[in-house]
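One structure is given below, encoded as structure tokens.
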Amino acid sequence: LRISNEVAVNKSDRESNNNSIKSIQRQISQLTVNTSGNIKLQKFIDLSDEIINKLKHTLEIHEAASLKDIKALVQNNVTQSLRKTREVILTEDYQFELRDPDTGRIDKGSDGGNGQTLLSNLSFITALLSISKKRALTREVSSIFVPGTIAPFVIDAPFSEMDDTYIAKVLEFLPNQSHQLIVFLSSKQWEDKYEEVIGDSIGKRYITKQHPVII
């Protein structure tokens with residue numbers, strides 16, 4: 001009887017051990033599955049990081065090239081138009097400044113006069129439009145960037161605070177760097193001598209006349 005009881009106890013222990021072993025095996029199997037999933041997830045994370053780094057590097061290269069092109073266009077306009085020597089400073093966040101190369105002083109506000117400020121601003125905008133047009137025409141099929149846009153430049157009374165010399169200079173570079181230029185001018189802002197500067201570039205002219213209101 002004692003032996004029989006021991007056999008029964010041993011049998012029960014074996015069954016219990018077998019159940020424990022099966023439970024451990026299930027846990028090991030689950031851990032193996034999770035480990036496989038973790039490996040795949042880590043590979044995906046590593047690949048994503050690699051793609052992000054490549055995109056950042058490519059973006060930095062293109063931004064640097066764009067800044068260089070914009071600065072070159074603005075510098076050319078400023079050099080040919082201003083009466084004073086000024087160096088164009090274009091920061092990484094696209095802030096536009098003019099610096100005196102002799103003193104290192106930055107022109108702020110109306111330091112250079114309202115005419116200089118207007119000319120510089122117009123030059124900067126036309127440079128942006130010119131670069132955007134260039135990107136649109138040279139877009140690569142495999143490019144990862146949004147393509148450039150070919151857009152008109154619409155200006156209302158741009159010469160109100162410029163003298164004749166600055167107006168003539170602006171009329172020289174505006175049509176050359178704009179895909180389409182639309183300018184609203186009052187009769188007081190136009191003189192016949194400007195015809196020699198921009199006349200050949202004018203496609204259409206429209207004159208609006210204000211009529212007196214009769215009640």
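How things are named: the first chain in the structure tokens is A, the next is B, and so on; residues count from 1 in each chain; ligands count from 1 in the order shown.
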Next item on the list: Identify, on the basis of only C-alpha atoms, every residue whose closest approach to Gln177 (chain A) does not exceed 8 Å; exclude the query and any residue fewer than 2 positions from it along the same chain; express the result as a ChimeraX atom specification.
Entry: /A:126-127,129-130,173-175,179
Please save all heavy atoms of the selected residues as a PDB file, in the first residue's frame.
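Result saved to result.pdb:
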ATOM      1  N   THR A 126      11.916  89.623 -56.402  1.00  0.00           N
ATOM      2  CA  THR A 126      12.143  89.126 -57.761  1.00  0.00           C
ATOM      3  C   THR A 126      13.140  87.970 -57.768  1.00  0.00           C
ATOM      4  O   THR A 126      13.024  87.051 -58.580  1.00  0.00           O
ATOM      5  CB  THR A 126      12.659  90.248 -58.683  1.00  0.00           C
ATOM      6  OG1 THR A 126      13.839  90.832 -58.120  1.00  0.00           O
ATOM      7  CG2 THR A 126      11.611  91.313 -58.888  1.00  0.00           C
ATOM      8  N   ALA A 127      14.095  88.002 -56.863  1.00  0.00           N
ATOM      9  CA  ALA A 127      15.053  86.897 -56.760  1.00  0.00           C
ATOM     10  C   ALA A 127      14.343  85.609 -56.349  1.00  0.00           C
ATOM     11  O   ALA A 127      14.608  84.532 -56.906  1.00  0.00           O
ATOM     12  CB  ALA A 127      16.150  87.242 -55.760  1.00  0.00           C
ATOM     13  N   LEU A 129      11.169  84.893 -56.862  1.00  0.00           N
ATOM     14  CA  LEU A 129      10.348  84.460 -57.993  1.00  0.00           C
ATOM     15  C   LEU A 129      11.209  83.815 -59.079  1.00  0.00           C
ATOM     16  O   LEU A 129      10.808  82.817 -59.697  1.00  0.00           O
ATOM     17  CB  LEU A 129       9.590  85.660 -58.578  1.00  0.00           C
ATOM     18  CG  LEU A 129       8.484  86.256 -57.706  1.00  0.00           C
ATOM     19  CD1 LEU A 129       7.973  87.554 -58.302  1.00  0.00           C
ATOM     20  CD2 LEU A 129       7.342  85.266 -57.534  1.00  0.00           C
ATOM     21  N   SER A 130      12.388  84.381 -59.295  1.00  0.00           N
ATOM     22  CA  SER A 130      13.293  83.842 -60.313  1.00  0.00           C
ATOM     23  C   SER A 130      13.785  82.447 -59.948  1.00  0.00           C
ATOM     24  O   SER A 130      13.804  81.535 -60.788  1.00  0.00           O
ATOM     25  CB  SER A 130      14.482  84.794 -60.490  1.00  0.00           C
ATOM     26  OG  SER A 130      15.369  84.299 -61.466  1.00  0.00           O
ATOM     27  N   PHE A 173      15.822  95.573 -63.882  1.00  0.00           N
ATOM     28  CA  PHE A 173      15.897  94.170 -63.443  1.00  0.00           C
ATOM     29  C   PHE A 173      14.540  93.509 -63.217  1.00  0.00           C
ATOM     30  O   PHE A 173      14.445  92.286 -63.250  1.00  0.00           O
ATOM     31  CB  PHE A 173      16.781  94.028 -62.199  1.00  0.00           C
ATOM     32  CG  PHE A 173      16.237  94.599 -60.920  1.00  0.00           C
ATOM     33  CD1 PHE A 173      15.204  93.979 -60.229  1.00  0.00           C
ATOM     34  CD2 PHE A 173      16.805  95.743 -60.361  1.00  0.00           C
ATOM     35  CE1 PHE A 173      14.741  94.487 -59.029  1.00  0.00           C
ATOM     36  CE2 PHE A 173      16.344  96.258 -59.157  1.00  0.00           C
ATOM     37  CZ  PHE A 173      15.297  95.631 -58.493  1.00  0.00           C
ATOM     38  N   LEU A 174      13.497  94.289 -63.007  1.00  0.00           N
ATOM     39  CA  LEU A 174      12.183  93.682 -62.741  1.00  0.00           C
ATOM     40  C   LEU A 174      11.721  92.763 -63.876  1.00  0.00           C
ATOM     41  O   LEU A 174      11.355  91.612 -63.625  1.00  0.00           O
ATOM     42  CB  LEU A 174      11.140  94.762 -62.474  1.00  0.00           C
ATOM     43  CG  LEU A 174      11.078  95.336 -61.052  1.00  0.00           C
ATOM     44  CD1 LEU A 174       9.974  96.379 -60.952  1.00  0.00           C
ATOM     45  CD2 LEU A 174      10.861  94.237 -60.024  1.00  0.00           C
ATOM     46  N   PRO A 175      11.689  93.231 -65.131  1.00  0.00           N
ATOM     47  CA  PRO A 175      11.202  92.337 -66.200  1.00  0.00           C
ATOM     48  C   PRO A 175      12.137  91.167 -66.488  1.00  0.00           C
ATOM     49  O   PRO A 175      11.689  90.108 -66.931  1.00  0.00           O
ATOM     50  CB  PRO A 175      11.091  93.269 -67.418  1.00  0.00           C
ATOM     51  CG  PRO A 175      11.974  94.409 -67.122  1.00  0.00           C
ATOM     52  CD  PRO A 175      11.994  94.575 -65.634  1.00  0.00           C
ATOM     53  N   HIS A 179       8.691  86.358 -64.357  1.00  0.00           N
ATOM     54  CA  HIS A 179       8.052  85.647 -65.469  1.00  0.00           C
ATOM     55  C   HIS A 179       6.967  86.520 -66.083  1.00  0.00           C
ATOM     56  O   HIS A 179       6.842  86.609 -67.307  1.00  0.00           O
ATOM     57  CB  HIS A 179       7.448  84.334 -64.959  1.00  0.00           C
ATOM     58  CG  HIS A 179       6.687  83.590 -66.012  1.00  0.00           C
ATOM     59  ND1 HIS A 179       7.319  82.948 -67.053  1.00  0.00           N
ATOM     60  CD2 HIS A 179       5.349  83.412 -66.199  1.00  0.00           C
ATOM     61  CE1 HIS A 179       6.399  82.389 -67.830  1.00  0.00           C
ATOM     62  NE2 HIS A 179       5.213  82.648 -67.346  1.00  0.00           N
TER      63      HIS A 179
END
Item checked: Test item, strand (DSSP E or B) assignment across region 13-191 of chain A, answer as JSON, numbers by chain -> {"A": [87, 88, 89, 90, 96, 97, 98, 99, 106, 107, 153, 154, 155, 156, 181, 182, 183, 184]}
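Between Asp100 (chain A) and the candidates A:Val88, A:Ile214, A:Ile155, A:Ile144, the tightest atom-to-atom separation, counting only C-alpha atoms, involves A:Val88.
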Next item on the list: Point out the residue among A:Ser48, A:Asn121, A:Lys169, A:His211 with the least atom-to-atom distance to Thr79 (chain A), counting only C-alpha atoms.
Entry: A:Lys169
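Those residues of region 155-191 of chain A that DSSP, working from the backbone, places in alpha helix (DSSP H) are A:Asp164, A:Thr165, A:Tyr166, A:Ile167, A:Ala168, A:Lys169, A:Val170, A:Leu171, A:Glu172, A:Phe173, A:Leu174, A:Pro175, A:Asn176, A:Gln177.
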Atoms kept (N, CA and C atoms) for selection, written as a PDB file, in the first residue's frame:
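Generated output (selection.pdb):
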ATOM      1  N   ASP A 164      14.281 109.284 -59.579  1.00  0.00           N
ATOM      2  CA  ASP A 164      14.315 108.842 -60.972  1.00  0.00           C
ATOM      3  C   ASP A 164      15.396 107.798 -61.232  1.00  0.00           C
ATOM      4  N   THR A 165      16.537 107.959 -60.583  1.00  0.00           N
ATOM      5  CA  THR A 165      17.642 107.018 -60.817  1.00  0.00           C
ATOM      6  C   THR A 165      17.280 105.623 -60.340  1.00  0.00           C
ATOM      7  N   TYR A 166      16.727 105.514 -59.148  1.00  0.00           N
ATOM      8  CA  TYR A 166      16.350 104.212 -58.603  1.00  0.00           C
ATOM      9  C   TYR A 166      15.222 103.578 -59.423  1.00  0.00           C
ATOM     10  N   ILE A 167      14.270 104.400 -59.864  1.00  0.00           N
ATOM     11  CA  ILE A 167      13.163 103.870 -60.667  1.00  0.00           C
ATOM     12  C   ILE A 167      13.694 103.246 -61.951  1.00  0.00           C
ATOM     13  N   ALA A 168      14.603 103.924 -62.608  1.00  0.00           N
ATOM     14  CA  ALA A 168      15.181 103.403 -63.848  1.00  0.00           C
ATOM     15  C   ALA A 168      15.917 102.091 -63.613  1.00  0.00           C
ATOM     16  N   LYS A 169      16.659 102.021 -62.506  1.00  0.00           N
ATOM     17  CA  LYS A 169      17.397 100.800 -62.187  1.00  0.00           C
ATOM     18  C   LYS A 169      16.450  99.630 -61.905  1.00  0.00           C
ATOM     19  N   VAL A 170      15.388  99.914 -61.165  1.00  0.00           N
ATOM     20  CA  VAL A 170      14.413  98.860 -60.844  1.00  0.00           C
ATOM     21  C   VAL A 170      13.725  98.365 -62.114  1.00  0.00           C
ATOM     22  N   LEU A 171      13.398  99.296 -63.015  1.00  0.00           N
ATOM     23  CA  LEU A 171      12.737  98.915 -64.269  1.00  0.00           C
ATOM     24  C   LEU A 171      13.641  98.072 -65.154  1.00  0.00           C
ATOM     25  N   GLU A 172      14.937  98.105 -64.892  1.00  0.00           N
ATOM     26  CA  GLU A 172      15.864  97.272 -65.655  1.00  0.00           C
ATOM     27  C   GLU A 172      15.813  95.812 -65.214  1.00  0.00           C
ATOM     28  N   PHE A 173      15.822  95.573 -63.882  1.00  0.00           N
ATOM     29  CA  PHE A 173      15.897  94.170 -63.443  1.00  0.00           C
ATOM     30  C   PHE A 173      14.540  93.509 -63.217  1.00  0.00           C
ATOM     31  N   LEU A 174      13.497  94.289 -63.007  1.00  0.00           N
ATOM     32  CA  LEU A 174      12.183  93.682 -62.741  1.00  0.00           C
ATOM     33  C   LEU A 174      11.721  92.763 -63.876  1.00  0.00           C
ATOM     34  N   PRO A 175      11.689  93.231 -65.131  1.00  0.00           N
ATOM     35  CA  PRO A 175      11.202  92.337 -66.200  1.00  0.00           C
ATOM     36  C   PRO A 175      12.137  91.167 -66.488  1.00  0.00           C
ATOM     37  N   ASN A 176      13.423  91.340 -66.223  1.00  0.00           N
ATOM     38  CA  ASN A 176      14.385  90.265 -66.504  1.00  0.00           C
ATOM     39  C   ASN A 176      14.277  89.116 -65.510  1.00  0.00           C
ATOM     40  N   GLN A 177      13.842  89.411 -64.292  1.00  0.00           N
ATOM     41  CA  GLN A 177      13.790  88.387 -63.254  1.00  0.00           C
ATOM     42  C   GLN A 177      12.362  87.983 -62.889  1.00  0.00           C
TER      43      GLN A 177
END
Note to self: Calculated over only C-alpha atoms, which of the candidates A:Leu181, A:Leu119, A:Leu137, A:Ile198 has the smallest distance to Glu161 (chain A)?
What the structure shows: A:Leu119
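Proximity to Lys84 (chain A) at 12 Å, evaluated using only C-alpha atoms and with sequence-adjacent residues fewer than 6 positions away removed, yields A:Val78, A:Leu98, A:Arg99, A:Asp100, A:Pro101, A:Asp102, A:Asp107, A:Gly112, A:Gly113, A:Gln116.
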Those same residues, written as a PDB file, in the first residue's frame with C-alpha atoms?
ATOM      1  CA  VAL A  78      22.004  96.058 -55.424  1.00  0.00           C
ATOM      2  CA  LEU A  98      22.593  95.287 -46.282  1.00  0.00           C
ATOM      3  CA  ARG A  99      26.027  95.857 -44.773  1.00  0.00           C
ATOM      4  CA  ASP A 100      28.579  98.559 -45.345  1.00  0.00           C
ATOM      5  CA  PRO A 101      31.731  96.599 -46.310  1.00  0.00           C
ATOM      6  CA  ASP A 102      33.987  99.358 -44.967  1.00  0.00           C
ATOM      7  CA  ASP A 107      21.584  99.354 -42.533  1.00  0.00           C
ATOM      8  CA  GLY A 112      19.800 104.008 -46.397  1.00  0.00           C
ATOM      9  CA  GLY A 113      16.679 105.959 -47.266  1.00  0.00           C
ATOM     10  CA  GLN A 116      17.075 102.060 -51.031  1.00  0.00           C
TER      11      GLN A 116
END
